[in-house]
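Reproduced below: start_19.cif, with mmCIF, C-alpha atoms and all ligand atoms.
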```cif
data_work
loop_
_atom_site.group_PDB
_atom_site.id
_atom_site.type_symbol
_atom_site.label_atom_id
_atom_site.label_comp_id
_atom_site.auth_asym_id
_atom_site.auth_seq_id
_atom_site.Cartn_x
_atom_site.Cartn_y
_atom_site.Cartn_z
ATOM 1 C CA MET A 1 0.000 0.000 0.000
ATOM 2 C CA LEU A 2 1.202 3.500 -0.749
ATOM 3 C CA PRO A 3 2.125 5.672 2.184
ATOM 4 C CA PRO A 4 0.016 8.805 2.726
ATOM 5 C CA VAL A 5 1.279 11.601 0.515
ATOM 6 C CA ARG A 6 0.724 15.297 0.813
ATOM 7 C CA HIS A 7 -1.505 15.729 -2.220
ATOM 8 C CA THR A 8 -4.164 13.418 -0.815
ATOM 9 C CA VAL A 9 -4.858 15.517 2.263
ATOM 10 C CA GLY A 10 -8.426 16.733 2.079
ATOM 11 C CA VAL A 11 -8.985 15.327 -1.415
ATOM 12 C CA HIS A 12 -12.522 13.951 -1.568
ATOM 13 C CA VAL A 13 -13.024 11.022 -3.939
ATOM 14 C CA LEU A 14 -16.413 9.890 -5.202
ATOM 15 C CA LEU A 15 -16.198 6.197 -6.106
ATOM 16 C CA VAL A 16 -19.094 4.981 -8.278
ATOM 17 C CA GLU A 17 -18.792 1.194 -8.468
ATOM 18 C CA ASP A 18 -21.416 -1.540 -8.117
ATOM 19 C CA ASP A 19 -18.938 -4.415 -7.862
ATOM 20 C CA ILE A 20 -18.673 -4.604 -4.080
ATOM 21 C CA PRO A 21 -15.361 -6.539 -3.761
ATOM 22 C CA ILE A 22 -13.676 -4.022 -6.094
ATOM 23 C CA ALA A 23 -15.281 -1.114 -4.255
ATOM 24 C CA VAL A 24 -14.262 -2.365 -0.805
ATOM 25 C CA SER A 25 -10.690 -2.880 -1.892
ATOM 26 C CA LEU A 26 -10.513 0.574 -3.485
ATOM 27 C CA VAL A 27 -12.090 2.319 -0.508
ATOM 28 C CA ASP A 28 -9.608 0.631 1.849
ATOM 29 C CA GLY A 29 -6.662 1.514 -0.351
ATOM 30 C CA LEU A 30 -7.692 5.100 -0.946
ATOM 31 C CA GLN A 31 -8.401 5.716 2.718
ATOM 32 C CA ALA A 32 -5.046 4.209 3.656
ATOM 33 C CA ALA A 33 -3.445 6.597 1.160
ATOM 34 C CA GLY A 34 -5.101 9.543 2.898
ATOM 35 C CA TYR A 35 -8.096 10.226 0.667
ATOM 36 C CA ARG A 36 -11.592 10.929 1.919
ATOM 37 C CA VAL A 37 -13.874 8.539 0.026
ATOM 38 C CA THR A 38 -17.598 8.472 -0.635
ATOM 39 C CA HIS A 39 -18.710 5.213 -2.226
ATOM 40 C CA VAL A 40 -21.989 4.794 -4.099
ATOM 41 C CA ALA A 41 -23.128 1.868 -6.250
ATOM 42 C CA THR A 42 -25.558 3.555 -8.648
ATOM 43 C CA GLY A 43 -25.571 6.429 -11.104
ATOM 44 C CA THR A 44 -28.529 8.018 -9.386
ATOM 45 C CA ALA A 45 -26.684 8.102 -6.070
ATOM 46 C CA ALA A 46 -23.573 9.470 -7.793
ATOM 47 C CA LEU A 47 -25.489 12.408 -9.214
ATOM 48 C CA ALA A 48 -26.782 13.266 -5.736
ATOM 49 C CA VAL A 49 -23.276 13.706 -4.284
ATOM 50 C CA THR A 50 -21.773 17.180 -4.285
ATOM 51 C CA ASP A 51 -18.458 18.691 -3.292
ATOM 52 C CA VAL A 52 -16.014 16.109 -4.547
ATOM 53 C CA ASP A 53 -12.537 16.679 -5.969
ATOM 54 C CA VAL A 54 -12.315 13.664 -8.253
ATOM 55 C CA VAL A 55 -14.769 11.016 -9.501
ATOM 56 C CA LEU A 56 -13.903 7.375 -10.213
ATOM 57 C CA LEU A 57 -16.745 6.204 -12.416
ATOM 58 C CA ASP A 58 -17.479 2.600 -13.380
ATOM 59 C CA LEU A 59 -18.920 2.337 -16.874
ATOM 60 C CA GLY A 60 -21.350 -0.524 -16.172
ATOM 61 C CA LEU A 61 -23.788 0.502 -13.447
ATOM 62 C CA PRO A 62 -27.043 -1.215 -12.529
ATOM 63 C CA ASP A 63 -29.381 1.745 -13.020
ATOM 64 C CA MET A 64 -27.722 4.031 -15.577
ATOM 65 C CA ASP A 65 -25.119 3.887 -18.297
ATOM 66 C CA GLY A 66 -21.837 5.251 -16.918
ATOM 67 C CA ARG A 67 -21.598 7.402 -20.048
ATOM 68 C CA ASP A 68 -24.822 9.182 -19.131
ATOM 69 C CA VAL A 69 -23.564 9.706 -15.592
ATOM 70 C CA CYS A 70 -20.340 11.150 -17.016
ATOM 71 C CA ARG A 71 -22.220 13.470 -19.340
ATOM 72 C CA GLU A 72 -24.469 14.664 -16.509
ATOM 73 C CA LEU A 73 -21.547 15.276 -14.152
ATOM 74 C CA ARG A 74 -19.651 17.156 -16.844
ATOM 75 C CA ALA A 75 -22.681 19.299 -17.644
ATOM 76 C CA ARG A 76 -22.775 20.561 -14.092
ATOM 77 C CA SER A 77 -19.128 20.777 -13.053
ATOM 78 C CA THR A 78 -15.489 20.622 -14.093
ATOM 79 C CA VAL A 79 -14.674 17.935 -11.499
ATOM 80 C CA PRO A 80 -12.024 15.539 -12.852
ATOM 81 C CA ILE A 81 -13.550 12.202 -13.881
ATOM 82 C CA ILE A 82 -11.634 8.950 -14.310
ATOM 83 C CA MET A 83 -13.585 6.165 -15.987
ATOM 84 C CA LEU A 84 -13.123 2.592 -14.757
ATOM 85 C CA MET A 85 -13.270 0.496 -17.928
ATOM 86 C CA ALA A 86 -13.604 -3.199 -18.611
ATOM 87 C CA ARG A 87 -10.826 -4.714 -20.695
ATOM 88 C CA GLY A 88 -11.404 -4.254 -24.409
ATOM 89 C CA ASP A 89 -13.784 -1.300 -24.170
ATOM 90 C CA GLU A 90 -11.905 0.471 -26.968
ATOM 91 C CA PHE A 91 -14.913 2.272 -28.318
ATOM 92 C CA ASP A 92 -16.080 3.235 -24.877
ATOM 93 C CA ARG A 93 -12.713 4.711 -23.938
ATOM 94 C CA VAL A 94 -12.842 7.179 -26.763
ATOM 95 C CA LEU A 95 -16.466 7.917 -26.195
ATOM 96 C CA GLY A 96 -15.791 8.413 -22.484
ATOM 97 C CA LEU A 97 -13.135 10.986 -23.217
ATOM 98 C CA GLU A 98 -15.450 12.699 -25.666
ATOM 99 C CA LEU A 99 -18.115 12.822 -22.984
ATOM 100 C CA GLY A 100 -15.772 14.836 -20.800
ATOM 101 C CA ALA A 101 -13.927 12.201 -18.794
ATOM 102 C CA ASP A 102 -10.352 13.250 -18.033
ATOM 103 C CA ASP A 103 -8.794 9.834 -18.079
ATOM 104 C CA TYR A 104 -9.549 6.146 -17.731
ATOM 105 C CA VAL A 105 -8.065 2.967 -16.329
ATOM 106 C CA THR A 106 -8.782 -0.546 -17.547
ATOM 107 C CA LYS A 107 -9.660 -3.314 -15.101
ATOM 108 C CA PRO A 108 -7.757 -4.963 -13.613
ATOM 109 C CA PHE A 109 -5.669 -1.864 -12.927
ATOM 110 C CA SER A 110 -2.982 -1.474 -10.314
ATOM 111 C CA PHE A 111 -3.719 0.745 -7.344
ATOM 112 C CA ARG A 112 -0.477 2.582 -8.016
ATOM 113 C CA GLU A 113 -1.544 3.373 -11.584
ATOM 114 C CA LEU A 114 -4.914 4.628 -10.400
ATOM 115 C CA VAL A 115 -3.335 6.932 -7.809
ATOM 116 C CA ALA A 116 -0.867 8.256 -10.413
ATOM 117 C CA ARG A 117 -3.748 9.140 -12.699
ATOM 118 C CA MET A 118 -5.711 10.683 -9.837
ATOM 119 C CA ARG A 119 -2.707 12.823 -8.970
ATOM 120 C CA ALA A 120 -2.419 13.986 -12.563
ATOM 121 C CA VAL A 121 -6.048 15.032 -12.866
ATOM 122 C CA THR A 122 -6.350 16.584 -9.405
ATOM 123 C CA ARG A 123 -3.220 18.728 -9.626
ATOM 124 C CA ARG A 124 -5.383 21.731 -10.369
ATOM 125 C CA VAL A 125 -7.428 21.239 -7.198
ATOM 126 C CA ALA A 126 -4.483 20.556 -4.884
ATOM 127 C CA PRO A 127 -5.058 22.381 -1.590
ATOM 128 C CA LEU A 128 -1.835 24.320 -1.986
ATOM 129 C CA ALA A 129 -2.648 25.586 -5.494
ATOM 130 C CA PRO A 130 -2.007 29.326 -5.561
ATOM 131 C CA VAL A 131 -4.650 31.863 -6.421
ATOM 132 C CA THR A 132 -4.409 32.838 -10.078
ATOM 133 C CA ASP A 133 -1.549 35.227 -10.569
ATOM 134 C CA VAL A 134 -2.373 37.053 -13.770
ATOM 135 C CA ALA A 135 1.152 38.453 -13.951
ATOM 136 C CA ALA A 136 2.544 34.910 -14.083
ATOM 137 C CA ALA A 137 0.227 33.779 -16.853
ATOM 138 C CA GLN A 138 1.269 33.481 -20.489
ATOM 139 C CA VAL A 139 -0.580 36.070 -22.555
ATOM 140 C CA ILE A 140 -1.538 35.404 -26.174
ATOM 141 C CA GLY A 141 -3.768 38.265 -27.274
ATOM 142 C CA PRO A 142 -6.874 38.091 -25.078
ATOM 143 C CA LEU A 143 -5.964 34.561 -23.939
ATOM 144 C CA GLN A 144 -4.173 33.967 -20.639
ATOM 145 C CA VAL A 145 -2.764 30.544 -19.814
ATOM 146 C CA ASP A 146 -1.726 30.216 -16.190
ATOM 147 C CA ARG A 147 0.153 26.942 -15.822
ATOM 148 C CA ARG A 148 0.823 27.363 -12.123
ATOM 149 C CA ALA A 149 -2.847 27.638 -11.247
ATOM 150 C CA ARG A 150 -3.960 25.590 -14.274
ATOM 151 C CA ARG A 151 -6.409 28.251 -15.312
ATOM 152 C CA VAL A 152 -7.306 29.843 -18.615
ATOM 153 C CA ARG A 153 -8.923 33.223 -19.058
ATOM 154 C CA LEU A 154 -10.268 34.736 -22.223
ATOM 155 C CA GLY A 155 -10.804 38.479 -22.159
ATOM 156 C CA GLY A 156 -10.470 38.268 -18.364
ATOM 157 C CA VAL A 157 -13.216 35.648 -18.046
ATOM 158 C CA GLU A 158 -12.287 32.225 -16.737
ATOM 159 C CA VAL A 159 -12.816 29.354 -19.187
ATOM 160 C CA ALA A 160 -13.694 26.053 -17.484
ATOM 161 C CA LEU A 161 -11.579 23.366 -19.146
ATOM 162 C CA THR A 162 -11.242 19.735 -18.165
ATOM 163 C CA ALA A 163 -7.767 18.626 -17.070
ATOM 164 C CA LYS A 164 -6.943 17.155 -20.486
ATOM 165 C CA GLU A 165 -8.314 20.161 -22.327
ATOM 166 C CA PHE A 166 -6.081 22.383 -20.214
ATOM 167 C CA ASP A 167 -3.055 20.174 -20.840
ATOM 168 C CA LEU A 168 -3.695 20.207 -24.583
ATOM 169 C CA LEU A 169 -4.165 23.965 -24.764
ATOM 170 C CA ALA A 170 -1.103 24.579 -22.576
ATOM 171 C CA TYR A 171 0.929 22.241 -24.788
ATOM 172 C CA LEU A 172 -0.066 24.101 -27.961
ATOM 173 C CA ALA A 173 0.467 27.455 -26.221
ATOM 174 C CA ALA A 174 4.035 26.528 -25.265
ATOM 175 C CA ASP A 175 5.035 27.528 -28.806
ATOM 176 C CA PRO A 176 2.250 29.584 -30.384
ATOM 177 C CA GLY A 177 2.124 29.183 -34.156
ATOM 178 C CA ALA A 178 4.270 26.031 -34.200
ATOM 179 C CA VAL A 179 2.605 22.946 -35.619
ATOM 180 C CA CYS A 180 2.278 20.004 -33.225
ATOM 181 C CA THR A 181 1.624 16.605 -34.764
ATOM 182 C CA ARG A 182 -1.099 14.364 -33.389
ATOM 183 C CA THR A 183 1.620 11.958 -32.264
ATOM 184 C CA ASP A 184 3.414 14.740 -30.353
ATOM 185 C CA ILE A 185 0.151 15.705 -28.726
ATOM 186 C CA LEU A 186 -0.803 12.148 -27.785
ATOM 187 C CA GLU A 187 2.622 11.503 -26.296
ATOM 188 C CA HIS A 188 2.856 14.717 -24.308
ATOM 189 C CA VAL A 189 -0.722 15.330 -23.288
ATOM 190 C CA TRP A 190 -1.848 11.770 -22.807
ATOM 191 C CA ASP A 191 1.074 9.467 -22.153
ATOM 192 C CA VAL A 192 3.560 7.348 -24.005
ATOM 193 C CA ASN A 193 1.392 4.287 -23.504
ATOM 194 C CA TRP A 194 -1.606 5.837 -25.197
ATOM 195 C CA TYR A 195 -1.967 4.481 -28.684
ATOM 196 C CA GLY A 196 -5.694 4.932 -28.961
ATOM 197 C CA PRO A 197 -7.362 6.508 -31.964
ATOM 198 C CA THR A 198 -6.097 9.994 -32.812
ATOM 199 C CA LYS A 199 -9.770 10.932 -33.015
ATOM 200 C CA THR A 200 -9.446 11.636 -29.296
ATOM 201 C CA VAL A 201 -7.243 14.641 -30.063
ATOM 202 C CA ASP A 202 -9.795 16.006 -32.513
ATOM 203 C CA ALA A 203 -12.565 15.602 -29.955
ATOM 204 C CA HIS A 204 -10.617 17.618 -27.399
ATOM 205 C CA VAL A 205 -9.675 20.267 -29.956
ATOM 206 C CA ALA A 206 -13.360 20.614 -30.836
ATOM 207 C CA ALA A 207 -14.281 20.993 -27.172
ATOM 208 C CA ILE A 208 -11.633 23.680 -26.570
ATOM 209 C CA ARG A 209 -12.632 25.602 -29.692
ATOM 210 C CA LYS A 210 -16.229 25.583 -28.540
ATOM 211 C CA LYS A 211 -15.296 26.855 -25.083
ATOM 212 C CA LEU A 212 -13.058 29.588 -26.522
ATOM 213 C CA GLY A 213 -15.870 30.564 -28.869
ATOM 214 C CA ASP A 214 -13.726 30.678 -32.006
ATOM 215 C CA ALA A 215 -12.377 27.764 -34.039
ATOM 216 C CA GLN A 216 -9.403 29.866 -35.172
ATOM 217 C CA TRP A 217 -7.772 29.548 -31.749
ATOM 218 C CA ILE A 218 -6.691 26.066 -32.765
ATOM 219 C CA GLU A 219 -5.880 25.716 -36.447
ATOM 220 C CA ALA A 220 -5.825 22.320 -38.106
ATOM 221 C CA VAL A 221 -2.881 21.781 -40.425
ATOM 222 C CA ARG A 222 -4.126 19.195 -42.869
ATOM 223 C CA GLY A 223 -2.377 15.850 -42.601
ATOM 224 C CA VAL A 224 -0.032 17.104 -39.877
ATOM 225 C CA GLY A 225 -1.686 18.298 -36.702
ATOM 226 C CA PHE A 226 -2.624 21.485 -34.941
ATOM 227 C CA ARG A 227 -1.213 24.819 -33.942
ATOM 228 C CA LEU A 228 -2.341 27.595 -31.677
ATOM 229 C CA GLY A 229 -3.660 30.425 -33.797
ATOM 230 C CA SER A 230 -4.340 33.921 -32.644
ATOM 231 C CA VAL A 231 -7.671 35.639 -32.400
ATOM 232 C CA GLN A 232 -7.515 39.324 -31.667
HETATM 233 CA CA CA B 1 -20.006 -2.441 -12.863
#
```

Translate this structure into structure tokens?
Amino acid sequence: MLPPVRHTVGVHVLLVEDDIPIAVSLVDGLQAAGYRVTHVATGTAALAVTDVDVVLLDLGLPDMDGRDVCRELRARSTVPIIMLMARGDEFDRVLGLELGADDYVTKPFSFRELVARMRAVTRRVAPLAPVTDVAAAQVIGPLQVDRRARRVRLGGVEVALTAKEFDLLAYLAADPGAVCTRTDILEHVWDVNWYGPTKTVDAHVAAIRKKLGDAQWIEAVRGVGFRLGSVQ
């Protein structure tokens, strides 16, 4: 079992899992690692829980499709969501990410892998995260990308991005105007072990464009990839 680590202090996990042996083992492990855990076994119960920092969401629930739960959660908050997939759910992985999930793990997953992914998606809600320091943010026209606080503002108004959307935008913003290939993006924004369909990148680009209100912020370079454009 992992020793308690600083980032877990005060982090509230919502575990949505109807397989009781899996749930019991996860609750024990997460609590031992210092997380506060609320466990529910249905989608309906999950949607009734508020004030959580990260959601672990099983895809196959007795009362609702996990995808619908994900969509509902995403419609009402930017809470990081990690989907718990069954082996071979290739189509569902992509769909889950398109529905607004931040990441996924495939059963049987290691506890260590799950915690690593939780750490990655909850970085922006770490208790020690500083208040947005506009002076420290990268400024691209009306767009401000604050990597320290993991926040994006457009014309001074905060844009609510999921963790992966933020990572993707921050990656493109690291060198505005430079073309990043889909492979570069998948390797840096997802991880080196991600060899899923590149359609995932397009889905995230579409989501960011929609939130920024102008498709020109992210320009597609046919057959190559994407680059951060500028919208004045
Ligand atoms: Ca299940």

Set the distance at 9 Å and use only C-alpha atoms: which residues neighbour Ala206 in chain A once local chain neighbours fewer than 5 positions away are removed? I'd like the list as a PDB file with C-alpha atoms, in the coordinates of the input.
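That gives us around-v1.pdb:
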```pdb
ATOM      1  CA  VAL A 201      -7.243  14.641 -30.063  1.00  0.00           C
ATOM      2  CA  LYS A 211     -15.296  26.855 -25.083  1.00  0.00           C
ATOM      3  CA  ALA A 215     -12.377  27.764 -34.039  1.00  0.00           C
ATOM      4  CA  ILE A 218      -6.691  26.066 -32.765  1.00  0.00           C
TER       5      ILE A 218
END
```

Output of the PyMOL selection byres (((chain A and resi 42-54) around 8) and not hetatm), listed as a tab-separated table (two decimals) with C-alpha atoms, in the coordinates of the input:
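Okay, result24.tsv is ready:
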```tsv
chain	number	residue	atom	x	y	z
A	11	VAL	CA	-8.98	15.33	-1.42
A	12	HIS	CA	-12.52	13.95	-1.57
A	13	VAL	CA	-13.02	11.02	-3.94
A	14	LEU	CA	-16.41	9.89	-5.20
A	16	VAL	CA	-19.09	4.98	-8.28
A	17	GLU	CA	-18.79	1.19	-8.47
A	18	ASP	CA	-21.42	-1.54	-8.12
A	40	VAL	CA	-21.99	4.79	-4.10
A	41	ALA	CA	-23.13	1.87	-6.25
A	55	VAL	CA	-14.77	11.02	-9.50
A	56	LEU	CA	-13.90	7.38	-10.21
A	61	LEU	CA	-23.79	0.50	-13.45
A	62	PRO	CA	-27.04	-1.22	-12.53
A	63	ASP	CA	-29.38	1.74	-13.02
A	64	MET	CA	-27.72	4.03	-15.58
A	65	ASP	CA	-25.12	3.89	-18.30
A	66	GLY	CA	-21.84	5.25	-16.92
A	69	VAL	CA	-23.56	9.71	-15.59
A	72	GLU	CA	-24.47	14.66	-16.51
A	73	LEU	CA	-21.55	15.28	-14.15
A	79	VAL	CA	-14.67	17.93	-11.50
A	80	PRO	CA	-12.02	15.54	-12.85
A	81	ILE	CA	-13.55	12.20	-13.88
A	82	ILE	CA	-11.63	8.95	-14.31
A	118	MET	CA	-5.71	10.68	-9.84
A	121	VAL	CA	-6.05	15.03	-12.87
A	122	THR	CA	-6.35	16.58	-9.40
A	125	VAL	CA	-7.43	21.24	-7.20
```

(request) Quote the spacing between CA of Gly225 in chain A and CA of Thr200 in chain A in Å to one decimal place. (result)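 Going from CA of Gly225 in chain A over to CA of Thr200 in chain A, I get 12.6 Å.
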
(message) Suppose a student applies the PyMOL selection byres (((chain A and resi 167-180) around 8) and not hetatm) to this structure; what residues should they get, written as a ChimeraX atom specification?
(response) /A:145,147,163-166,181-182,184-185,188-189,204,208,221,224-229

(request) Give me, please, the distance in Å between CA of Ala101 in chain A and CA of Cys70 in chain A, quoted to one decimal. (result)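 Computed distance, CA of Ala101 in chain A to CA of Cys70 in chain A, equals 6.7 Å.
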
(request) Quote the spacing between CA of Arg71 in chain A and CA of Val115 in chain A in Å to one decimal place. (result)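 CA of Val115 in chain A lies 23.1 Å from CA of Arg71 in chain A.
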
Report as lines of an AutoDock Vina configuration file the centre and the edge lengths, in Å to one decimal, of the axis-aligned box holding every listed atom of range 64-82 of chain A, padded by 6 Å on each side.
```
center_x = -19.7
center_y = 12.3
center_z = -15.8
size_x = 28.1
size_y = 28.9
size_z = 20.5
```

For the file shown, report as a PDB file with C-alpha atoms, in the coordinates of the input the outcome of the PyMOL selection byres (((chain A and resi 143) around 8) and not hetatm) at residue level.
```
ATOM      1  CA  VAL A 139      -0.580  36.070 -22.555  1.00  0.00           C
ATOM      2  CA  ILE A 140      -1.538  35.404 -26.174  1.00  0.00           C
ATOM      3  CA  GLY A 141      -3.768  38.265 -27.274  1.00  0.00           C
ATOM      4  CA  PRO A 142      -6.874  38.091 -25.078  1.00  0.00           C
ATOM      5  CA  GLN A 144      -4.173  33.967 -20.639  1.00  0.00           C
ATOM      6  CA  VAL A 145      -2.764  30.544 -19.814  1.00  0.00           C
ATOM      7  CA  VAL A 152      -7.306  29.843 -18.615  1.00  0.00           C
ATOM      8  CA  ARG A 153      -8.923  33.223 -19.058  1.00  0.00           C
ATOM      9  CA  LEU A 154     -10.268  34.736 -22.223  1.00  0.00           C
ATOM     10  CA  GLY A 155     -10.804  38.479 -22.159  1.00  0.00           C
TER      11      GLY A 155
END
```

(request) Would you list the contacts of Asp19 in chain A as an MDAnalysis selection string, taking every protein, DNA or RNA residue within 12 Å and counting all atoms listed in the file, but skipping same-chain residues closer than 4 positions in sequence? (result) chainID A and resid 15 23:26 39:42 57:62 84 107

Provide range 199-219 of chain A rebuilt to N, CA, C and O atoms, formatted as a CSV table (one decimal), in the frame of the given file.
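Saved to result-v3.csv:
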```csv
chain,number,residue,atom,x,y,z
A,199,LYS,N,-8.5,10.2,-33.1
A,199,LYS,CA,-9.8,10.9,-33.0
A,199,LYS,C,-10.0,11.6,-31.7
A,199,LYS,O,-10.7,12.6,-31.6
A,200,THR,N,-9.4,11.0,-30.6
A,200,THR,CA,-9.4,11.6,-29.3
A,200,THR,C,-8.9,13.1,-29.3
A,200,THR,O,-9.5,14.0,-28.7
A,201,VAL,N,-7.8,13.3,-30.0
A,201,VAL,CA,-7.2,14.6,-30.1
A,201,VAL,C,-8.2,15.6,-30.7
A,201,VAL,O,-8.5,16.7,-30.2
A,202,ASP,N,-8.8,15.2,-31.8
A,202,ASP,CA,-9.8,16.0,-32.5
A,202,ASP,C,-11.0,16.3,-31.6
A,202,ASP,O,-11.5,17.5,-31.7
A,203,ALA,N,-11.4,15.4,-30.8
A,203,ALA,CA,-12.6,15.6,-30.0
A,203,ALA,C,-12.2,16.7,-28.9
A,203,ALA,O,-13.0,17.6,-28.6
A,204,HIS,N,-11.0,16.6,-28.4
A,204,HIS,CA,-10.6,17.6,-27.4
A,204,HIS,C,-10.4,19.0,-28.0
A,204,HIS,O,-10.8,20.0,-27.5
A,205,VAL,N,-9.8,19.0,-29.2
A,205,VAL,CA,-9.7,20.3,-30.0
A,205,VAL,C,-11.0,20.9,-30.2
A,205,VAL,O,-11.2,22.1,-29.9
A,206,ALA,N,-12.0,20.1,-30.6
A,206,ALA,CA,-13.4,20.6,-30.8
A,206,ALA,C,-14.0,21.2,-29.6
A,206,ALA,O,-14.6,22.3,-29.6
A,207,ALA,N,-13.7,20.5,-28.4
A,207,ALA,CA,-14.3,21.0,-27.2
A,207,ALA,C,-13.6,22.3,-26.8
A,207,ALA,O,-14.3,23.2,-26.3
A,208,ILE,N,-12.3,22.4,-27.0
A,208,ILE,CA,-11.6,23.7,-26.6
A,208,ILE,C,-12.1,24.8,-27.5
A,208,ILE,O,-12.4,25.9,-27.0
A,209,ARG,N,-12.2,24.6,-28.8
A,209,ARG,CA,-12.6,25.6,-29.7
A,209,ARG,C,-14.0,26.1,-29.3
A,209,ARG,O,-14.2,27.3,-29.3
A,210,LYS,N,-14.9,25.2,-28.9
A,210,LYS,CA,-16.2,25.6,-28.5
A,210,LYS,C,-16.2,26.5,-27.3
A,210,LYS,O,-16.9,27.5,-27.2
A,211,LYS,N,-15.4,26.1,-26.3
A,211,LYS,CA,-15.3,26.9,-25.1
A,211,LYS,C,-14.6,28.2,-25.3
A,211,LYS,O,-15.0,29.2,-24.6
A,212,LEU,N,-13.7,28.3,-26.3
A,212,LEU,CA,-13.1,29.6,-26.5
A,212,LEU,C,-13.9,30.4,-27.5
A,212,LEU,O,-13.6,31.6,-27.7
A,213,GLY,N,-14.9,29.8,-28.1
A,213,GLY,CA,-15.9,30.6,-28.9
A,213,GLY,C,-15.4,30.9,-30.3
A,213,GLY,O,-16.0,31.7,-31.0
A,214,ASP,N,-14.2,30.4,-30.7
A,214,ASP,CA,-13.7,30.7,-32.0
A,214,ASP,C,-12.8,29.6,-32.5
A,214,ASP,O,-11.8,29.3,-31.8
A,215,ALA,N,-13.2,28.9,-33.5
A,215,ALA,CA,-12.4,27.8,-34.0
A,215,ALA,C,-11.0,28.2,-34.4
A,215,ALA,O,-10.1,27.3,-34.4
A,216,GLN,N,-10.7,29.5,-34.7
A,216,GLN,CA,-9.4,29.9,-35.2
A,216,GLN,C,-8.3,29.8,-34.1
A,216,GLN,O,-7.2,29.9,-34.4
A,217,TRP,N,-8.8,29.7,-32.8
A,217,TRP,CA,-7.8,29.5,-31.7
A,217,TRP,C,-6.9,28.3,-32.0
A,217,TRP,O,-5.7,28.3,-31.6
A,218,ILE,N,-7.5,27.3,-32.5
A,218,ILE,CA,-6.7,26.1,-32.8
A,218,ILE,C,-6.9,25.7,-34.2
A,218,ILE,O,-7.9,25.3,-34.7
A,219,GLU,N,-5.8,25.9,-35.0
A,219,GLU,CA,-5.9,25.7,-36.4
A,219,GLU,C,-5.4,24.3,-36.8
A,219,GLU,O,-4.4,23.8,-36.3
```
